[in-house]
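Participant: Quick one: this structure, given as structure tokens, is what I'll be asking you about.
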There are 2 protein chains.
Amino acid sequence: MRSLLLSRRDLDFLLYEWLDVESLTKRERYAEHSRDTFDAALELSEQVAAERFAPHRKRGDQHEPQFDGERVQIIPEVKAALDVLAGTGIVAAGMDESVGGMQLPAVVAQACFLWLHAANVGTAAYPFLTIANANLLLAHGSPEQVDTFVRPMLEGRFFGTMCLSEPQAGSSLADVTTRAEPRGDGTYRLFGNKMWISGGEHDLSENIVHLVLAKIPGGPPGVKGISLFIVPRVLVDADGSPGERNDIALAGLNHKMGYRGTVNTLLNFGEGRYTPGGEPGAVGYLVGEPHRGLAYMFHMMNEARVGVGAGATALGYAGYLHALDYARTRPQGRPASAKDPSAPQVPIIEHADVKRMLLAAKSYVEGGLALNLYCGRLLDEEKTAESPAGRERAHLLLDVLTPIAKSWPSQWCLAANDLAIQVHGGYGYTREYDVEQLYRDNRLNPIHEGTHGIHGLDLLGRKVSMDGGAGLRLLLKTIGATVSRAAEAGGAAAEHAAALDLAVTRIGQVTAALWGAGDVDATLANASIYLEAVGHVVVAWLWLEQELAAGDRAGDFYDGKRAAARFFFRYELPRTGPQFALLESVDRTTLDMRDGWF
Amino acid sequence: MRSLLLSRRDLDFLLYEWLDVESLTKRERYAEHSRDTFDAALELSEQVAAERFAPHRKRGDQHEPQFDGERVQIIPEVKAALDVLAGTGIVAAGMDESVGGMQLPAVVAQACFLWLHAANVGTAAYPFLTIANANLLLAHGSPEQVDTFVRPMLEGRFFGTMCLSEPQAGSSLADVTTRAEPRGDGTYRLFGNKMWISGGEHDLSENIVHLVLAKIPGGPPGVKGISLFIVPRVLVDADGSPGERNDIALAGLNHKMGYRGTVNTLLNFGEGRYTPGGEPGAVGYLVGEPHRGLAYMFHMMNEARVGVGAGATALGYAGYLHALDYARTRPQGRPASAKDPSAPQVPIIEHADVKRMLLAAKSYVEGGLALNLYCGRLLDEEKTAESPAGRERAHLLLDVLTPIAKSWPSQWCLAANDLAIQVHGGYGYTREYDVEQLYRDNRLNPIHEGTHGIHGLDLLGRKVSMDGGAGLRLLLKTIGATVSRAAEAGGAAAEHAAALDLAVTRIGQVTAALWGAGDVDATLANASIYLEAVGHVVVAWLWLEQELAAGDRAGDFYDGKRAAARFFFRYELPRTGPQFALLESVDRTTLDMRDGWF
């Protein structure tokens, strides 16, 4: 089977030869597991992805969900695929056995999910939103809420959504205006409009469990007054059977550039379309304490954001493999030094510029994958490391890496999709091939779950300064340990270690210069560039890690890893030089720009 | 009228305040013209673009041409717009009065066309292909061919195409296999398949004049055996009236990522669908001499490639203006230093990161426009400079600049479209807004008329080494003259001049190192990076030119030019540092990469 989705060989290398995921089976939580059970889950995921998800990727794009005035129509292949997926248990791969999960390590669960992303993000979004929703309720919901809503989600009978944004409140959640009025009986009635709700309305499942951010009147202003509610599409009776329709009305569908298979909606809560219990408003159930809604969301945010980055990587990876396949089979032209125009044409993979594009794409997608799985491994450490210090260390490192794990693949694995189009030439620009859709699908990732700019502010404005800079120090120290090992290894790795060591020094200097500027607006003005530069250093580090893991083992696969590491250090890491110089100067060009000058 | 297509103020600045286009009216060819006639043509173009082309841009994308088995169906707005355009004479803006043209300077004609590109490339492609076709025939066709085919094209009755590629011969035109058999009566019969033919079949015009590259049996192999033929869809009788249907069959439509309004076809010539004159083959008429077809094509290539770059700029420009408009009107969030969450939200243009994206886009699209118009001005110098030396100088400079004029806007004005999506956030990702289509439309430009990689080889492999390096020397000397003027001007311009001077020195050093490598494959391995680095230096130069043209004049417009110049020198030119270092090392990473290692 040549699925052109991900490389299982690469996954095995990263999981087993680099991250030593097998050692997790020594931990109590994963004691029932073994490499065999990990492999079985990975194989099952690949199979479902290749056989059930990938075949309708193009059709899902060409026939996006339509609202006929009554129902949202979705091509039947989506439900068929999701029903098969529900039967596999993959949705609950990382969850506790007590709720019916496989209790796999987060890093393995993430690798499983990657196959579905690579195969068909439009269809995969429904279960992934459901997983995020379920994880949040497992962490913060009451036992009754878990029984009523989470269990059916894990069985594949209910699907979940996340309702954060509103038309006037996208990046700025402080400005959410949906209000939740207490009814005195422990329930609330919600009124407001929610925008960009993926999976917000459909007939794919018996019910849709909306998690809704809203403000209880009288609470504090801004983000501190936001609470979190469960608002089901259909009310659930005490025995779990479906009751009345809740007052959630579909106000419109958004028609997107890509990711078209996922229905994206504008929902009106409490507009009066339905009157459950004869009263106005959408019935909602508070999750946890009032006014702590955003904190609960953020608690799950690292995982969600690492997941977005993983999705971006998967799409980039699929694009890269498609381009590679095309480059190996498309004859066109002759070497630059060839003289005979009647000699046979060569496959384009023999042209240096095509190799450059493919190597760049390889370095991006395999670098992105290493970053995602490294963060997945940290999630496991955060949860199961033997010492509290180990768990704290993982938490801190994950916190500082999260904006990078979300944003770097969203930028560079998208760049891999762009290169995949370019490798295909005119064919890549047509919808007869797959790569333009993969690009369009991936273009969402730098926007949702916090835009690129938001993550720049998160990294520079919060993550590197929190705890007196402890997170950044830990990251730089961790990179430094790799530098030391590589310096001892000698050869190309030592050469790369020297370059990485300089870059680490630069991060320290530049961060100090930025935070020494004494003007927070100036410090943060180029936060996106800081995010990009630090991200490139982090991925260079992970390439050095991979180079060390490959060591001097023989074989094409390891030669490829060494070549891609070399590429990243020669072609990519040097990009950070001018970025650090700009940052260090605390440049005010953008700050000083005025509206009228545009 | 707020058309959000291009800035007329910017066009006026570049044409009149910088390029002194008015002085061209002193030349005999343009003696009938004045700034008034230039302005009238520009205004007419803007009006047709805004009123006739832009309104169906989205509809043309959503309802792309369909083949119903009999006819290619195109939405009626396209023909309506093209009929209006035909009545304006803009199609023949740059052509001789003797053939009914306006005989405007090339630079002014190009500025006129920009409006149509910015408004609707899908519709504009039909006349632009016709113009390219007509220009080629005016240069190389016989008087009879001009009368029979060109005049009806300029009247808007016939449309033209360019039939170069074949399924097995895209970038590698040496491998064209369409054959043209002489009939002994001066006509030929053509047999073969042509791929990617824009405007290849439709009912928008009375006839379609295909210009077809084909090989006459017995000719030399490779590109030296290619001849050029006129192959009309419908044969034309001696009196100009339509005759028999020629044997050109539509074999399929390509469905593209963008540029959807333009029908793109696979055409079979001489497959036997029709038998004109009762004989097999598509009737073709040789243009000029046998075996010189590619030379004729290349003769027109500078103009065509500058035109592609101009189209890319126009799309980027429109995206930038849409993003600017959105950023000024979308309230979201508060300044980084703001503390009160209940203060009103600010328009996003007040956020530094949004200003950074807009400034970047401004520096790309205004830089691209300066590059396009500078090249347009060179076309005029090439044609009308008073001394032969002046004409030769313009020709040489244009030759070396052409790959950059094609590729730089295709890369960076596309980047402006990407930024325009990002500025819009989630809205930019929807088809309810315009920016995602502008991105998709523009994504073609790095592919057609020679891919990015082909232009890298053209620049480094041919243009900078031809005539013993005369073209590159001339370019660097021309940039050097600007450096001198800016150094004298002092202030920010002098600071920028110093940076540019270093970059110019680097181009010389790096080019010498590359050509001193003694291994043509190694020299050319990173030609695309060479193209990008030299391109950025060239645009930095043109920003310095604009800064000098702005001088110390007061007003928002000039402040904006100075700010964008500063941005380009601080944020953009430094990217070339690592590129030059990599090139200078004659890195072999990509060359040494093996197929099996991927």
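Residue numbering restarts at 1 in every chain; chains get A, B, ... in the order shown in the structure tokens, and ligands count up from 1 in that same order.
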Find the residues in chain A near chain B: any atom within 7 Å counts, using only C-alpha atoms. Write them as an MDAnalysis selection string.
Facilitator: chainID A and resid 169 172 174 221:222 254:257 332:333 336:337 341:342 349 352:353 355:356 422 425:426 429:432 436 444 447 453 520:521 525:526 556:557 559:560 563 567 574:575 578 589:591 593 595:598
Participant: If you keep C-alpha atoms, can you produce a file of those selected residues as a PDB file, in the first residue's frame?
Facilitator:
```pdb
ATOM      1  CA  ALA A 169     -14.798  38.662  19.271  1.00  0.00           C
ATOM      2  CA  SER A 172     -10.199  39.120  21.510  1.00  0.00           C
ATOM      3  CA  ALA A 174     -12.460  39.438  26.351  1.00  0.00           C
ATOM      4  CA  PRO A 221     -15.313  42.515  32.844  1.00  0.00           C
ATOM      5  CA  GLY A 222     -12.990  41.032  30.239  1.00  0.00           C
ATOM      6  CA  ASN A 254     -19.093  29.847   6.241  1.00  0.00           C
ATOM      7  CA  HIS A 255     -17.671  28.813   2.878  1.00  0.00           C
ATOM      8  CA  LYS A 256     -13.978  28.333   3.199  1.00  0.00           C
ATOM      9  CA  MET A 257     -10.890  28.284   1.018  1.00  0.00           C
ATOM     10  CA  GLN A 332      11.058  16.317 -17.998  1.00  0.00           C
ATOM     11  CA  GLY A 333      14.226  17.916 -19.275  1.00  0.00           C
ATOM     12  CA  ALA A 336      22.150  21.258 -16.801  1.00  0.00           C
ATOM     13  CA  SER A 337      25.373  19.869 -18.218  1.00  0.00           C
ATOM     14  CA  PRO A 341      18.594  17.196 -26.926  1.00  0.00           C
ATOM     15  CA  SER A 342      17.530  13.792 -28.241  1.00  0.00           C
ATOM     16  CA  ILE A 349      13.870  14.378  -9.153  1.00  0.00           C
ATOM     17  CA  ALA A 352      19.015  20.061  -8.455  1.00  0.00           C
ATOM     18  CA  ASP A 353      16.254  22.628  -7.992  1.00  0.00           C
ATOM     19  CA  LYS A 355      15.883  18.163  -5.090  1.00  0.00           C
ATOM     20  CA  ARG A 356      16.228  21.480  -3.289  1.00  0.00           C
ATOM     21  CA  GLN A 422       5.622  23.954  -7.396  1.00  0.00           C
ATOM     22  CA  GLY A 425       4.309  22.519 -12.076  1.00  0.00           C
ATOM     23  CA  GLY A 426       1.065  23.205 -13.945  1.00  0.00           C
ATOM     24  CA  TYR A 429      -2.202  23.944  -9.915  1.00  0.00           C
ATOM     25  CA  THR A 430      -5.078  21.754 -11.054  1.00  0.00           C
ATOM     26  CA  ARG A 431      -7.744  20.117  -8.947  1.00  0.00           C
ATOM     27  CA  GLU A 432      -7.135  16.882 -10.836  1.00  0.00           C
ATOM     28  CA  GLU A 436      -3.537  22.303  -4.201  1.00  0.00           C
ATOM     29  CA  LEU A 444      -6.333  27.486   7.996  1.00  0.00           C
ATOM     30  CA  ILE A 447      -5.290  31.371  11.610  1.00  0.00           C
ATOM     31  CA  GLY A 453       0.546  36.996  15.687  1.00  0.00           C
ATOM     32  CA  VAL A 520       6.284  46.981  26.225  1.00  0.00           C
ATOM     33  CA  ASP A 521       4.862  48.090  22.885  1.00  0.00           C
ATOM     34  CA  ALA A 525       6.216  44.999  18.114  1.00  0.00           C
ATOM     35  CA  ASN A 526       8.090  42.242  16.289  1.00  0.00           C
ATOM     36  CA  ASP A 556      19.247   5.183   2.777  1.00  0.00           C
ATOM     37  CA  PHE A 557      16.920   6.173   5.589  1.00  0.00           C
ATOM     38  CA  ASP A 559      21.586   8.979   4.933  1.00  0.00           C
ATOM     39  CA  GLY A 560      18.371  10.880   4.281  1.00  0.00           C
ATOM     40  CA  ALA A 563      21.229  15.024   4.478  1.00  0.00           C
ATOM     41  CA  PHE A 567      20.107  21.032   4.643  1.00  0.00           C
ATOM     42  CA  PRO A 574      20.974  30.980   8.842  1.00  0.00           C
ATOM     43  CA  ARG A 575      17.660  32.743   8.147  1.00  0.00           C
ATOM     44  CA  PRO A 578      19.014  38.866  10.215  1.00  0.00           C
ATOM     45  CA  THR A 589       9.416  50.962  11.985  1.00  0.00           C
ATOM     46  CA  THR A 590       6.109  49.158  12.372  1.00  0.00           C
ATOM     47  CA  LEU A 591       5.185  50.918  15.613  1.00  0.00           C
ATOM     48  CA  MET A 593       3.851  53.612  10.990  1.00  0.00           C
ATOM     49  CA  ASP A 595      -2.667  54.680   9.305  1.00  0.00           C
ATOM     50  CA  GLY A 596      -2.607  57.628   6.935  1.00  0.00           C
ATOM     51  CA  TRP A 597       0.770  56.666   5.484  1.00  0.00           C
ATOM     52  CA  PHE A 598      -0.517  53.444   3.986  1.00  0.00           C
TER      53      PHE A 598
END
```
Participant: Would you list the contacts of Ala540 in chain B as a ChimeraX atom specification, taking every protein, DNA or RNA residue within 7 Å and counting only C-alpha atoms, but skipping same-chain residues closer than 2 positions in sequence?
Facilitator: /B:536-538,542-544,568-569,573
Participant: With only C-alpha atoms as the counted atoms, please give the residues lying no more than 10 Å from Lys58 in chain B, apart from itself and same-chain residues fewer than 2 positions off, as a PyMOL selection string.
Facilitator: chain B and resi 54-56+60-63+120+122+260-261+431-434+437-438
Participant: Identify, with DSSP run on backbone atoms, the residues in range 299-531 of chain B assigned to helix (DSSP H, G or I), and express the list as a PyMOL selection string.
Facilitator: chain B and resi 299-329+348-350+352-384+388-429+435-442+452-463+466-489+491-515+520-524+527-531
Participant: Smallest atom-to-atom distance to Ala124 in chain A: which of A:Ala517, A:Leu267, A:Leu137, A:Leu82, using only C-alpha atoms?
Facilitator: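 When distances to Ala124 in chain A are compared using only C-alpha atoms, the smallest one comes from A:Leu82.
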Participant: Extract, using only C-alpha atoms, all DNA, RNA and protein residues at most 9 Å from Leu379 in chain A, discarding same-chain residues fewer than 2 positions from it, and format them as a ChimeraX atom specification.
Facilitator: /A:105-107,302-303,374-377,381-384,394-395,398
Participant: Excluding same-chain residues fewer than 5 positions from Val231 in chain B, what lies within 9 Å of it counting only C-alpha atoms, as a PyMOL selection string?
Facilitator: chain B and resi 190+208-212+246+248+282-285
Participant: Go ahead and compute the interatomic distance for CA of Phe580 in chain B and CA of Ala533 in chain B, in Å to one decimal.
Facilitator: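 Taking CA of Phe580 in chain B and CA of Ala533 in chain B, their separation equals 7.1 Å.
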Participant: Near Leu286 in chain B, within 9 Å and counting only C-alpha atoms, which residues show up once chain neighbours fewer than 3 positions away are dropped, as a CSV table (one decimal) with N, CA, C and O atoms, in the first residue's frame?
Facilitator:
```
chain,number,residue,atom,x,y,z
B,141,GLY,N,5.1,38.1,-38.5
B,141,GLY,CA,4.1,37.5,-39.5
B,141,GLY,C,4.3,38.3,-40.8
B,141,GLY,O,4.9,39.4,-40.9
B,186,GLY,N,2.5,25.7,-49.6
B,186,GLY,CA,2.9,26.7,-48.6
B,186,GLY,C,2.1,26.5,-47.3
B,186,GLY,O,2.5,27.1,-46.3
B,187,THR,N,1.1,25.7,-47.3
B,187,THR,CA,0.4,25.4,-46.0
B,187,THR,C,1.0,24.1,-45.4
B,187,THR,O,1.7,23.4,-46.0
B,188,TYR,N,0.6,23.9,-44.1
B,188,TYR,CA,1.1,22.7,-43.4
B,188,TYR,C,-0.2,22.1,-42.8
B,188,TYR,O,-1.2,22.7,-42.7
B,227,SER,N,9.2,25.1,-35.2
B,227,SER,CA,8.7,26.2,-36.0
B,227,SER,C,7.4,26.7,-35.4
B,227,SER,O,6.8,26.0,-34.6
B,228,LEU,N,7.0,27.8,-35.9
B,228,LEU,CA,5.8,28.5,-35.4
B,228,LEU,C,4.7,28.6,-36.5
B,228,LEU,O,5.0,29.0,-37.6
B,229,PHE,N,3.5,28.2,-36.1
B,229,PHE,CA,2.4,28.2,-37.0
B,229,PHE,C,1.2,28.9,-36.5
B,229,PHE,O,0.9,28.9,-35.3
B,230,ILE,N,0.5,29.6,-37.4
B,230,ILE,CA,-0.9,30.1,-37.1
B,230,ILE,C,-1.8,28.9,-37.5
B,230,ILE,O,-1.8,28.4,-38.6
B,289,GLU,N,10.4,32.0,-40.9
B,289,GLU,CA,11.2,30.9,-41.4
B,289,GLU,C,10.9,29.6,-40.6
B,289,GLU,O,10.6,29.7,-39.5
B,290,PRO,N,11.2,28.5,-41.3
B,290,PRO,CA,11.1,27.2,-40.6
B,290,PRO,C,12.2,27.2,-39.5
B,290,PRO,O,13.2,27.9,-39.6
```
Participant: With a distance cut-off of 12 Å and only C-alpha atoms, select the neighbouring residues of Leu5 in chain B, excluding the residue or stretch itself and same-chain residues fewer than 4 positions from it, and output the selection as a PyMOL selection string.
Facilitator: chain B and resi 1+10-11+45-51+53-55+57+113-121+311+313-325+365+434-435+438
